[in-house]
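S.K.: To be precise about what I am sending: the file is called data-v9.pdb and holds PDB, C-alpha atoms.
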ATOM      1  CA  MET B   1     -12.751  36.507   6.405  1.00  0.00           C
ATOM      2  CA  PHE B   2      -9.898  34.668   8.150  1.00  0.00           C
ATOM      3  CA  PRO B   3      -6.462  34.559   6.526  1.00  0.00           C
ATOM      4  CA  VAL B   4      -5.702  31.128   5.120  1.00  0.00           C
ATOM      5  CA  SER B   5      -2.291  29.815   6.067  1.00  0.00           C
ATOM      6  CA  GLN B   6      -0.244  28.361   3.276  1.00  0.00           C
ATOM      7  CA  ILE B   7       0.087  24.575   3.264  1.00  0.00           C
ATOM      8  CA  LEU B   8       2.999  22.927   1.464  1.00  0.00           C
ATOM      9  CA  LYS B   9       2.228  19.482   0.067  1.00  0.00           C
ATOM     10  CA  PHE B  10       4.964  16.974  -0.763  1.00  0.00           C
ATOM     11  CA  ASP B  11       4.395  13.814  -2.808  1.00  0.00           C
ATOM     12  CA  ARG B  12       6.553  10.796  -3.537  1.00  0.00           C
ATOM     13  CA  THR B  13       9.138  11.200  -6.276  1.00  0.00           C
ATOM     14  CA  PRO B  14       8.334   9.923  -9.771  1.00  0.00           C
ATOM     15  CA  VAL B  15      11.240   7.465  -9.485  1.00  0.00           C
ATOM     16  CA  ALA B  16       9.829   5.951  -6.276  1.00  0.00           C
ATOM     17  CA  ARG B  17       6.449   5.610  -7.941  1.00  0.00           C
ATOM     18  CA  LEU B  18       7.970   4.017 -11.045  1.00  0.00           C
ATOM     19  CA  VAL B  19       9.906   1.518  -8.930  1.00  0.00           C
ATOM     20  CA  SER B  20       6.730   0.464  -7.126  1.00  0.00           C
ATOM     21  CA  CYS B  21       4.948   0.030 -10.473  1.00  0.00           C
ATOM     22  CA  ALA B  22       7.884  -1.938 -11.882  1.00  0.00           C
ATOM     23  CA  ALA B  23       7.795  -4.236  -8.846  1.00  0.00           C
ATOM     24  CA  THR B  24       4.078  -4.815  -9.393  1.00  0.00           C
ATOM     25  CA  PHE B  25       4.544  -5.567 -13.088  1.00  0.00           C
ATOM     26  CA  GLY B  26       7.521  -7.821 -12.318  1.00  0.00           C
ATOM     27  CA  SER B  27       5.584  -9.853  -9.759  1.00  0.00           C
ATOM     28  CA  ALA B  28       2.654 -10.131 -12.179  1.00  0.00           C
ATOM     29  CA  ALA B  29       5.046 -11.328 -14.886  1.00  0.00           C
ATOM     30  CA  LEU B  30       6.403 -14.014 -12.551  1.00  0.00           C
ATOM     31  CA  LEU B  31       2.874 -15.165 -11.749  1.00  0.00           C
ATOM     32  CA  PHE B  32       1.766 -15.285 -15.395  1.00  0.00           C
ATOM     33  CA  ASP B  33       4.980 -16.998 -16.439  1.00  0.00           C
ATOM     34  CA  TYR B  34       4.399 -19.675 -13.811  1.00  0.00           C
ATOM     35  CA  MET B  35       0.790 -20.096 -14.932  1.00  0.00           C
ATOM     36  CA  SER B  36       1.944 -20.542 -18.550  1.00  0.00           C
ATOM     37  CA  TYR B  37       3.593 -23.892 -17.702  1.00  0.00           C
ATOM     38  CA  GLY B  38       0.189 -25.564 -17.700  1.00  0.00           C
ATOM     39  CA  VAL B  39      -2.193 -26.864 -15.071  1.00  0.00           C
ATOM     40  CA  GLU B  40      -0.250 -30.108 -14.564  1.00  0.00           C
ATOM     41  CA  GLU B  41       2.936 -28.243 -13.524  1.00  0.00           C
ATOM     42  CA  ILE B  42       1.329 -25.763 -11.103  1.00  0.00           C
ATOM     43  CA  GLU B  43       1.803 -26.460  -7.405  1.00  0.00           C
ATOM     44  CA  PRO B  44      -0.718 -24.801  -5.056  1.00  0.00           C
ATOM     45  CA  LEU B  45       1.875 -23.534  -2.556  1.00  0.00           C
ATOM     46  CA  THR B  46       4.070 -21.953  -5.224  1.00  0.00           C
ATOM     47  CA  PHE B  47       1.075 -20.427  -6.961  1.00  0.00           C
ATOM     48  CA  ALA B  48      -0.212 -19.013  -3.653  1.00  0.00           C
ATOM     49  CA  ALA B  49       3.211 -17.535  -2.847  1.00  0.00           C
ATOM     50  CA  LEU B  50       3.484 -15.829  -6.249  1.00  0.00           C
ATOM     51  CA  PHE B  51      -0.089 -14.572  -6.002  1.00  0.00           C
ATOM     52  CA  LEU B  52       0.575 -13.113  -2.533  1.00  0.00           C
ATOM     53  CA  LEU B  53       3.759 -11.492  -3.868  1.00  0.00           C
ATOM     54  CA  PHE B  54       1.719  -9.841  -6.618  1.00  0.00           C
ATOM     55  CA  LEU B  55      -0.972  -8.662  -4.169  1.00  0.00           C
ATOM     56  CA  GLY B  56       1.695  -7.290  -1.813  1.00  0.00           C
ATOM     57  CA  THR B  57       3.481  -5.302  -4.522  1.00  0.00           C
ATOM     58  CA  LEU B  58       0.143  -4.031  -5.839  1.00  0.00           C
ATOM     59  CA  ALA B  59      -0.887  -2.882  -2.351  1.00  0.00           C
ATOM     60  CA  ALA B  60       2.503  -1.221  -1.836  1.00  0.00           C
ATOM     61  CA  ALA B  61       2.169   0.653  -5.136  1.00  0.00           C
ATOM     62  CA  VAL B  62      -1.335   1.866  -4.301  1.00  0.00           C
ATOM     63  CA  VAL B  63      -0.192   3.059  -0.872  1.00  0.00           C
ATOM     64  CA  GLN B  64       2.875   4.718  -2.436  1.00  0.00           C
ATOM     65  CA  TYR B  65       0.686   6.763  -4.780  1.00  0.00           C
ATOM     66  CA  GLY B  66      -1.479   7.950  -1.883  1.00  0.00           C
ATOM     67  CA  ASP B  67       1.347   9.266   0.325  1.00  0.00           C
ATOM     68  CA  HIS B  68       1.373  12.989   1.102  1.00  0.00           C
ATOM     69  CA  ILE B  69       3.269  15.080   3.633  1.00  0.00           C
ATOM     70  CA  TYR B  70       1.802  18.451   4.553  1.00  0.00           C
ATOM     71  CA  PHE B  71       3.533  21.447   6.179  1.00  0.00           C
ATOM     72  CA  SER B  72       1.581  24.357   7.620  1.00  0.00           C
ATOM     73  CA  GLU B  73       2.367  27.180  10.016  1.00  0.00           C
ATOM     74  CA  GLN B  74       1.118  24.959  12.844  1.00  0.00           C
ATOM     75  CA  GLY B  75       2.912  21.704  12.067  1.00  0.00           C
ATOM     76  CA  VAL B  76       3.579  18.716   9.843  1.00  0.00           C
ATOM     77  CA  MET B  77       1.334  15.784   8.897  1.00  0.00           C
ATOM     78  CA  TYR B  78       1.759  12.516   6.996  1.00  0.00           C
ATOM     79  CA  GLU B  79      -1.410  11.234   5.383  1.00  0.00           C
ATOM     80  CA  ASN B  80      -2.241   8.507   2.927  1.00  0.00           C
ATOM     81  CA  ARG B  81      -5.422   8.785   0.833  1.00  0.00           C
ATOM     82  CA  LEU B  82      -5.980   5.023   0.768  1.00  0.00           C
ATOM     83  CA  LEU B  83      -5.479   4.579   4.498  1.00  0.00           C
ATOM     84  CA  SER B  84      -7.739   7.553   5.254  1.00  0.00           C
ATOM     85  CA  MET B  85     -10.580   5.753   3.427  1.00  0.00           C
ATOM     86  CA  PHE B  86     -10.234   3.005   6.039  1.00  0.00           C
ATOM     87  CA  GLY B  87     -10.353   5.444   8.953  1.00  0.00           C
ATOM     88  CA  LYS B  88      -6.600   5.985   9.461  1.00  0.00           C
ATOM     89  CA  ARG B  89      -6.476   9.770   9.122  1.00  0.00           C
ATOM     90  CA  GLY B  90      -3.261  11.713   9.541  1.00  0.00           C
ATOM     91  CA  ARG B  91      -2.620  13.751  12.683  1.00  0.00           C
ATOM     92  CA  TRP B  92      -0.799  17.043  12.820  1.00  0.00           C
ATOM     93  CA  MET B  93       2.457  17.184  14.748  1.00  0.00           C
ATOM     94  CA  ARG B  94       2.968  20.728  16.008  1.00  0.00           C
ATOM     95  CA  TRP B  95       6.341  22.311  15.274  1.00  0.00           C
ATOM     96  CA  GLU B  96       6.924  23.125  18.945  1.00  0.00           C
ATOM     97  CA  ASP B  97       6.313  19.468  19.903  1.00  0.00           C
ATOM     98  CA  ILE B  98       9.213  18.225  17.750  1.00  0.00           C
ATOM     99  CA  VAL B  99      12.122  17.330  20.033  1.00  0.00           C
ATOM    100  CA  GLU B 100      14.494  15.731  17.517  1.00  0.00           C
ATOM    101  CA  VAL B 101      15.143  15.871  13.792  1.00  0.00           C
ATOM    102  CA  ARG B 102      17.250  12.924  12.657  1.00  0.00           C
ATOM    103  CA  GLU B 103      18.619  12.701   9.119  1.00  0.00           C
ATOM    104  CA  ILE B 104      19.852   9.454   7.608  1.00  0.00           C
ATOM    105  CA  LYS B 105      22.208   9.561   4.603  1.00  0.00           C
ATOM    106  CA  GLU B 106      20.914  12.968   3.494  1.00  0.00           C
ATOM    107  CA  LYS B 107      17.753  11.287   2.136  1.00  0.00           C
ATOM    108  CA  VAL B 108      15.507  10.548   5.103  1.00  0.00           C
ATOM    109  CA  LEU B 109      14.292  12.778   7.934  1.00  0.00           C
ATOM    110  CA  ILE B 110      12.681  11.354  11.048  1.00  0.00           C
ATOM    111  CA  LEU B 111      10.788  13.845  13.192  1.00  0.00           C
ATOM    112  CA  LEU B 112      10.300  12.768  16.801  1.00  0.00           C
ATOM    113  CA  SER B 113       7.783  14.500  19.058  1.00  0.00           C
ATOM    114  CA  ASN B 114       7.718  14.796  22.837  1.00  0.00           C
ATOM    115  CA  ASP B 115       4.735  12.403  23.032  1.00  0.00           C
ATOM    116  CA  GLY B 116       6.589   9.621  21.173  1.00  0.00           C
ATOM    117  CA  ARG B 117       5.063  10.059  17.714  1.00  0.00           C
ATOM    118  CA  ARG B 118       7.220   9.943  14.587  1.00  0.00           C
ATOM    119  CA  VAL B 119       6.869  11.378  11.120  1.00  0.00           C
ATOM    120  CA  LEU B 120       9.049   9.957   8.359  1.00  0.00           C
ATOM    121  CA  VAL B 121       9.987  12.335   5.533  1.00  0.00           C
ATOM    122  CA  ASP B 122      11.616  10.311   2.759  1.00  0.00           C
ATOM    123  CA  ALA B 123      11.556   9.870  -1.011  1.00  0.00           C
ATOM    124  CA  ILE B 124       9.602  13.062  -1.588  1.00  0.00           C
ATOM    125  CA  LEU B 125       9.790  15.518  -4.417  1.00  0.00           C
ATOM    126  CA  GLY B 126      11.361  18.684  -3.025  1.00  0.00           C
ATOM    127  CA  TYR B 127      13.360  17.051  -0.217  1.00  0.00           C
ATOM    128  CA  PRO B 128      15.784  20.021   0.121  1.00  0.00           C
ATOM    129  CA  ILE B 129      12.825  22.390   0.538  1.00  0.00           C
ATOM    130  CA  ALA B 130      11.225  20.128   3.145  1.00  0.00           C
ATOM    131  CA  ARG B 131      14.533  19.832   5.009  1.00  0.00           C
ATOM    132  CA  TYR B 132      14.979  23.606   5.061  1.00  0.00           C
ATOM    133  CA  GLU B 133      11.398  24.217   6.232  1.00  0.00           C
ATOM    134  CA  ILE B 134      11.665  21.658   9.034  1.00  0.00           C
ATOM    135  CA  LEU B 135      14.910  23.138  10.352  1.00  0.00           C
ATOM    136  CA  ARG B 136      13.490  26.652  10.091  1.00  0.00           C
ATOM    137  CA  ARG B 137      10.202  25.870  11.819  1.00  0.00           C
ATOM    138  CA  ALA B 138      11.545  23.588  14.584  1.00  0.00           C
ATOM    139  CA  PRO B 139      14.695  25.382  15.812  1.00  0.00           C
ATOM    140  CA  GLN B 140      14.272  23.939  19.332  1.00  0.00           C
ATOM    141  CA  ALA B 141      14.713  20.350  18.115  1.00  0.00           C
ATOM    142  CA  ILE B 142      17.899  18.378  18.638  1.00  0.00           C
ATOM    143  CA  VAL B 143      19.602  17.796  15.305  1.00  0.00           C
ATOM    144  CA  SER B 144      21.196  14.384  14.825  1.00  0.00           C
ATOM    145  CA  GLY B 145      22.493  12.028  12.157  1.00  0.00           C
ATOM    146  CA  THR B 146      23.812  13.568   8.946  1.00  0.00           C
ATOM    147  CA  LEU B 147      22.489  16.983   9.990  1.00  0.00           C
ATOM    148  CA  ALA B 148      24.708  17.016  13.090  1.00  0.00           C
ATOM    149  CA  ARG B 149      27.790  16.313  10.967  1.00  0.00           C
ATOM    150  CA  ASP B 150      26.847  19.202   8.639  1.00  0.00           C
ATOM    151  CA  ASP B 151      26.751  21.622  11.582  1.00  0.00           C
ATOM    152  CA  SER B 152      30.256  20.807  12.823  1.00  0.00           C
TER     153      SER B 152
END
Produce C-alpha coordinates that represent the structure in this file.
M.R.:
Amino acid sequence: MFPVSQILKFDRTPVARLVSCAATFGSAALLFDYMSYGVEEIEPLTFAALFLLFLGTLAAAVVQYGDHIYFSEQGVMYENRLLSMFGKRGRWMRWEDIVEVREIKEKVLILLSNDGRRVLVDAILGYPIARYEILRRAPQAIVSGTLARDDS
(Lines of atoms letter the chains of each structure in order from A and count residues from 1; the text may use other names and numbers.)
(Lines give C-alpha, C1' and ligand atoms only; values in the text may rest on other atoms or scores of the structure.)
Protein backbone atom coordinates (compact mmCIF):
# COMPACT_ATOMS: atom_id res chain seq x y z
CA MET A 1 0.00 0.00 0.00
CA PHE A 2 1.35 3.44 -0.94
CA PRO A 3 1.43 6.21 1.67
CA VAL A 4 -1.23 8.82 1.01
CA SER A 5 0.04 12.37 1.17
CA GLN A 6 -2.02 14.78 3.17
CA ILE A 7 -4.03 17.31 1.16
CA LEU A 8 -5.14 20.56 2.77
CA LYS A 9 -8.40 21.95 1.39
CA PHE A 10 -9.35 25.62 1.76
CA ASP A 11 -12.84 26.98 1.09
CA ARG A 12 -14.24 30.48 0.84
CA THR A 13 -15.01 32.22 4.11
CA PRO A 14 -18.60 32.22 5.39
CA VAL A 15 -18.65 36.02 5.11
CA ALA A 16 -17.69 35.91 1.42
CA ARG A 17 -20.41 33.35 0.81
CA LEU A 18 -22.99 35.41 2.71
CA VAL A 19 -22.09 38.52 0.72
CA SER A 20 -22.59 36.67 -2.56
CA CYS A 21 -25.97 35.39 -1.35
CA ALA A 22 -26.97 38.87 -0.18
CA ALA A 23 -26.08 40.27 -3.60
CA THR A 24 -28.24 37.62 -5.26
CA PHE A 25 -31.18 38.32 -2.96
CA GLY A 26 -30.73 42.07 -3.42
CA SER A 27 -30.75 41.82 -7.21
CA ALA A 28 -33.81 39.56 -7.06
CA ALA A 29 -35.54 42.10 -4.81
CA LEU A 30 -34.81 44.87 -7.32
CA LEU A 31 -36.23 42.76 -10.14
CA PHE A 32 -39.40 41.81 -8.23
CA ASP A 33 -39.88 45.38 -7.03
CA TYR A 34 -39.68 46.60 -10.62
CA MET A 35 -42.14 43.92 -11.75
CA SER A 36 -44.59 44.99 -9.01
CA TYR A 37 -45.21 48.34 -10.76
CA GLY A 38 -47.46 46.61 -13.27
CA VAL A 39 -47.19 45.57 -16.89
CA GLU A 40 -47.89 49.08 -18.21
CA GLU A 41 -44.85 50.55 -16.40
CA ILE A 42 -42.31 47.87 -17.35
CA GLU A 43 -39.81 48.79 -20.06
CA PRO A 44 -38.13 45.86 -21.85
CA LEU A 45 -34.59 47.27 -21.64
CA THR A 46 -34.81 47.99 -17.92
CA PHE A 47 -36.38 44.62 -17.23
CA ALA A 48 -33.66 42.86 -19.26
CA ALA A 49 -30.92 44.75 -17.40
CA LEU A 50 -32.35 43.83 -13.98
CA PHE A 51 -32.84 40.22 -15.06
CA LEU A 52 -29.23 40.00 -16.28
CA LEU A 53 -28.06 41.54 -12.99
CA PHE A 54 -29.94 38.83 -11.10
CA LEU A 55 -28.53 36.05 -13.32
CA GLY A 56 -25.00 37.45 -12.92
CA THR A 57 -25.18 37.60 -9.12
CA LEU A 58 -26.72 34.12 -9.02
CA ALA A 59 -23.92 32.73 -11.21
CA ALA A 60 -21.30 34.47 -9.06
CA ALA A 61 -22.79 32.97 -5.89
CA VAL A 62 -22.86 29.47 -7.36
CA VAL A 63 -19.24 29.79 -8.49
CA GLN A 64 -18.26 31.20 -5.08
CA TYR A 65 -19.68 28.15 -3.31
CA GLY A 66 -17.73 25.80 -5.59
CA ASP A 67 -14.28 27.36 -5.04
CA HIS A 68 -11.61 25.18 -3.43
CA ILE A 69 -7.85 25.54 -3.09
CA TYR A 70 -5.86 22.38 -2.45
CA PHE A 71 -2.32 22.04 -1.05
CA SER A 72 -0.38 18.78 -1.25
CA GLU A 73 3.26 17.81 -0.91
CA GLN A 74 3.60 18.23 -4.67
CA GLY A 75 1.90 21.59 -5.19
CA VAL A 76 -1.15 23.83 -5.09
CA MET A 77 -4.36 23.75 -7.15
CA TYR A 78 -7.42 25.98 -7.53
CA GLU A 79 -10.54 24.15 -8.62
CA ASN A 80 -14.19 25.02 -8.89
CA ARG A 81 -16.80 22.24 -8.75
CA LEU A 82 -19.17 24.03 -11.12
CA LEU A 83 -16.50 24.83 -13.69
CA SER A 84 -15.15 21.27 -13.53
CA MET A 85 -18.59 20.00 -14.61
CA PHE A 86 -18.09 22.01 -17.81
CA GLY A 87 -14.64 20.56 -18.45
CA LYS A 88 -12.51 23.26 -16.77
CA ARG A 89 -10.59 21.09 -14.31
CA GLY A 90 -7.95 22.52 -12.02
CA ARG A 91 -4.25 21.92 -12.69
CA TRP A 92 -1.60 21.42 -10.07
CA MET A 93 1.15 24.01 -9.81
CA ARG A 94 4.25 22.35 -8.41
CA TRP A 95 5.91 24.08 -5.46
CA GLU A 96 9.28 24.19 -7.23
CA ASP A 97 7.69 25.92 -10.25
CA ILE A 98 6.54 28.91 -8.18
CA VAL A 99 8.83 31.85 -8.92
CA GLU A 100 7.01 34.62 -7.04
CA VAL A 101 4.62 34.93 -4.13
CA ARG A 102 2.95 38.34 -4.08
CA GLU A 103 0.76 39.45 -1.18
CA ILE A 104 -1.69 42.32 -1.45
CA LYS A 105 -2.92 44.05 1.73
CA GLU A 106 -2.32 40.94 3.85
CA LYS A 107 -5.48 39.36 2.37
CA VAL A 108 -4.59 38.10 -1.10
CA LEU A 109 -1.74 35.89 -2.30
CA ILE A 110 -0.88 35.56 -5.97
CA LEU A 111 1.36 32.63 -6.87
CA LEU A 112 3.20 33.01 -10.16
CA SER A 113 4.85 30.03 -11.86
CA ASN A 114 7.76 29.93 -14.29
CA ASP A 115 5.41 28.98 -17.15
CA GLY A 116 3.20 32.06 -16.64
CA ARG A 117 0.33 30.46 -14.73
CA ARG A 118 -1.19 32.15 -11.68
CA VAL A 119 -3.06 30.89 -8.66
CA LEU A 120 -5.04 33.39 -6.60
CA VAL A 121 -5.41 32.63 -2.89
CA ASP A 122 -7.94 35.05 -1.42
CA ALA A 123 -10.97 35.13 0.87
CA ILE A 124 -10.36 31.64 2.20
CA LEU A 125 -10.98 30.23 5.62
CA GLY A 126 -7.58 29.64 7.20
CA TYR A 127 -5.66 32.32 5.27
CA PRO A 128 -2.81 32.50 7.85
CA ILE A 129 -2.32 28.72 7.57
CA ALA A 130 -2.30 28.88 3.77
CA ARG A 131 0.17 31.78 3.84
CA TYR A 132 2.50 29.88 6.17
CA GLU A 133 2.32 26.69 4.09
CA ILE A 134 3.04 28.52 0.84
CA LEU A 135 6.09 30.29 2.27
CA ARG A 136 7.32 27.04 3.82
CA ARG A 137 6.87 24.93 0.69
CA ALA A 138 8.13 27.47 -1.89
CA PRO A 139 11.26 28.96 -0.26
CA GLN A 140 12.86 29.60 -3.67
CA ALA A 141 10.13 32.06 -4.70
CA ILE A 142 10.63 35.81 -4.73
CA VAL A 143 8.53 37.41 -2.02
CA SER A 144 6.88 40.71 -2.92
CA GLY A 145 4.11 43.06 -1.86
CA THR A 146 3.13 43.09 1.81
CA LEU A 147 5.30 40.02 2.45
CA ALA A 148 8.44 41.89 1.37
CA ARG A 149 7.69 44.70 3.82
CA ASP A 150 7.24 42.14 6.63
CA ASP A 151 10.71 40.72 5.97
CA SER A 152 12.52 44.06 6.26
S.K.: Using only C-alpha atoms, which of B:Lys107, B:Gly145, B:Leu55, B:Arg118 sits nearest Tyr78 in chain B?
M.R.: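 Going through B:Lys107, B:Gly145, B:Leu55, B:Arg118 one by one, the smallest distance to Tyr78 in chain B is for B:Arg118.
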S.K.: Run the PyMOL selection byres ((chain B and resi 97) around 8) on the file and write out the hits as a ChimeraX atom specification.
M.R.: /B:93-96,98-99,113-115
S.K.: Could you tell me how far CA of Val101 in chain B sits from CA of Leu8 in chain B, in Å to one decimal place?
M.R.: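 Straight-line distance from CA of Leu8 in chain B to CA of Val101 in chain B works out to 18.7 Å.
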S.K.: What do you get, as a list in words, if you spell out every residue that the PyMOL selection byres ((chain B and resi 69) around 8) selects here?
M.R.: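 So the PyMOL selection byres ((chain B and resi 69) around 8) ends up selecting Lys9, Phe10, Asp11, Asp67, His68, Tyr70, Phe71, Val76, Met77, Tyr78, Glu79 and Val121 of chain B.
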S.K.: Using all atoms listed in the file, which of the listed residues (B:Phe86, B:Thr57, B:Leu50, B:Arg17) sits closest to Asp33 in chain B?
M.R.: B:Leu50
S.K.: I need the residue nearest Glu103 in chain B from this list: B:Thr146, B:Gly66, B:Ser84, B:Pro128. Use only C-alpha atoms for the distance.
M.R.: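 Closest to Glu103 in chain B, using only C-alpha atoms: B:Thr146.
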S.K.: So how many Å separate CA of Arg81 in chain B and CA of Ala60 in chain B, to one decimal?
M.R.: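 Separation of CA of Arg81 in chain B and CA of Ala60 in chain B: 13.0 Å.
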S.K.: Just give me the gap between CA of Ala49 in chain B and CA of Tyr34 in chain B in Å, one decimal is fine.
M.R.: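 We find that CA of Ala49 in chain B and CA of Tyr34 in chain B lie 11.2 Å from each other.
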S.K.: Dig up all the protein and nucleic acid residues within 12 Å of (-1.9, -1.6, -6.8) in the file frame, using all atoms listed in the file, and format them as a list of chain:residue names.
M.R.: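 Within the cut-off we find B:Arg17, B:Ser20, B:Cys21, B:Ala22, B:Ala23, B:Thr24, B:Phe25, B:Ser27, B:Ala28, B:Leu53, B:Phe54, B:Leu55, B:Gly56, B:Thr57, B:Leu58, B:Ala59, B:Ala60, B:Ala61, B:Val62, B:Val63, B:Gln64, B:Tyr65, B:Gly66, B:Leu82.
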S.K.: Write out as JSON, numbers by chain the residues lying within 7 Å of Leu120 in chain B, counting all atoms listed in the file and excluding same-chain residues fewer than 2 positions away.
M.R.: {"B": [109, 110, 111, 118, 122]}
S.K.: Go through B:Phe47, B:Ala29, B:Glu73, B:Glu41 and flag the residue nearest Glu133 in chain B, using all atoms listed in the file for the distances.
M.R.: B:Glu73
S.K.: Select all residues near (10.5, 14.9, -8.1) (cut-off 8 Å, inclusive, file coordinates), counting all atoms listed in the file, and output them as a VMD selection string.
M.R.: chain B and resid 12 to 15 124 to 126
S.K.: Padding 6 Å on each side, edges along x, y and z: where is the centre of the box around the listed atoms of range 118-136 of chain B, and how long are its edges in Å to one decimal? Output it as lines of an AutoDock Vina configuration file.
M.R.:
center_x = 11.3
center_y = 18.3
center_z = 5.1
size_x = 20.9
size_y = 28.8
size_z = 31.0
S.K.: Kindly complete range 72-104 of chain B to N, CA and C atoms; the output should be written as a tab-separated table (two decimals), in the frame of the given file.
M.R.:
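The resulting part.tsv:
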chain	number	residue	atom	x	y	z
B	72	SER	N	2.33	23.12	7.44
B	72	SER	CA	1.58	24.36	7.62
B	72	SER	C	2.32	25.19	8.66
B	73	GLU	N	1.77	26.34	8.97
B	73	GLU	CA	2.37	27.18	10.02
B	73	GLU	C	2.30	26.49	11.37
B	74	GLN	N	1.31	25.62	11.56
B	74	GLN	CA	1.12	24.96	12.84
B	74	GLN	C	1.95	23.70	13.01
B	75	GLY	N	2.19	22.96	11.92
B	75	GLY	CA	2.91	21.70	12.07
B	75	GLY	C	3.06	20.92	10.78
B	76	VAL	N	3.34	19.63	10.95
B	76	VAL	CA	3.58	18.72	9.84
B	76	VAL	C	2.64	17.52	10.00
B	77	MET	N	2.22	16.94	8.85
B	77	MET	CA	1.33	15.78	8.90
B	77	MET	C	1.65	14.86	7.73
B	78	TYR	N	1.70	13.55	8.03
B	78	TYR	CA	1.76	12.52	7.00
B	78	TYR	C	0.35	11.96	6.86
B	79	GLU	N	-0.10	11.83	5.62
B	79	GLU	CA	-1.41	11.23	5.38
B	79	GLU	C	-1.36	10.42	4.10
B	80	ASN	N	-2.12	9.35	4.10
B	80	ASN	CA	-2.24	8.51	2.93
B	80	ASN	C	-3.71	8.45	2.55
B	81	ARG	N	-4.02	8.77	1.28
B	81	ARG	CA	-5.42	8.78	0.83
B	81	ARG	C	-6.10	7.44	1.00
B	82	LEU	N	-5.39	6.36	0.66
B	82	LEU	CA	-5.98	5.02	0.77
B	82	LEU	C	-6.25	4.67	2.23
B	83	LEU	N	-5.29	4.91	3.09
B	83	LEU	CA	-5.48	4.58	4.50
B	83	LEU	C	-6.56	5.45	5.15
B	84	SER	N	-6.71	6.69	4.68
B	84	SER	CA	-7.74	7.55	5.25
B	84	SER	C	-9.14	7.06	4.89
B	85	MET	N	-9.28	6.34	3.78
B	85	MET	CA	-10.58	5.75	3.43
B	85	MET	C	-10.98	4.67	4.42
B	86	PHE	N	-9.98	4.06	5.06
B	86	PHE	CA	-10.23	3.00	6.04
B	86	PHE	C	-10.19	3.53	7.47
B	87	GLY	N	-10.27	4.85	7.62
B	87	GLY	CA	-10.35	5.44	8.95
B	87	GLY	C	-9.03	5.84	9.59
B	88	LYS	N	-7.93	5.64	8.91
B	88	LYS	CA	-6.60	5.98	9.46
B	88	LYS	C	-6.19	7.36	8.94
B	89	ARG	N	-6.77	8.40	9.54
B	89	ARG	CA	-6.48	9.77	9.12
B	89	ARG	C	-5.15	10.22	9.72
B	90	GLY	N	-4.49	11.14	9.03
B	90	GLY	CA	-3.26	11.71	9.54
B	90	GLY	C	-3.53	12.66	10.70
B	91	ARG	N	-2.53	12.81	11.57
B	91	ARG	CA	-2.62	13.75	12.68
B	91	ARG	C	-1.49	14.76	12.56
B	92	TRP	N	-1.80	15.99	12.88
B	92	TRP	CA	-0.80	17.04	12.82
B	92	TRP	C	0.15	16.92	14.00
B	93	MET	N	1.44	17.08	13.71
B	93	MET	CA	2.46	17.18	14.75
B	93	MET	C	2.89	18.65	14.77
B	94	ARG	N	2.65	19.30	15.90
B	94	ARG	CA	2.97	20.73	16.01
B	94	ARG	C	4.48	20.93	16.00
B	95	TRP	N	4.91	22.02	15.39
B	95	TRP	CA	6.34	22.31	15.27
B	95	TRP	C	7.00	22.38	16.65
B	96	GLU	N	6.32	22.98	17.61
B	96	GLU	CA	6.92	23.12	18.94
B	96	GLU	C	6.99	21.81	19.71
B	97	ASP	N	6.27	20.78	19.26
B	97	ASP	CA	6.31	19.47	19.90
B	97	ASP	C	7.46	18.60	19.39
B	98	ILE	N	8.11	19.01	18.32
B	98	ILE	CA	9.21	18.23	17.75
B	98	ILE	C	10.44	18.40	18.62
B	99	VAL	N	10.96	17.27	19.14
B	99	VAL	CA	12.12	17.33	20.03
B	99	VAL	C	13.42	16.90	19.34
B	100	GLU	N	13.29	16.16	18.24
B	100	GLU	CA	14.49	15.73	17.52
B	100	GLU	C	14.20	15.62	16.03
B	101	VAL	N	15.18	16.04	15.25
B	101	VAL	CA	15.14	15.87	13.79
B	101	VAL	C	16.38	15.05	13.44
B	102	ARG	N	16.15	13.84	12.98
B	102	ARG	CA	17.25	12.92	12.66
B	102	ARG	C	17.29	12.73	11.14
B	103	GLU	N	18.47	12.91	10.56
B	103	GLU	CA	18.62	12.70	9.12
B	103	GLU	C	19.50	11.49	8.89
B	104	ILE	N	19.10	10.65	7.94
B	104	ILE	CA	19.85	9.45	7.61
B	104	ILE	C	20.29	9.55	6.16
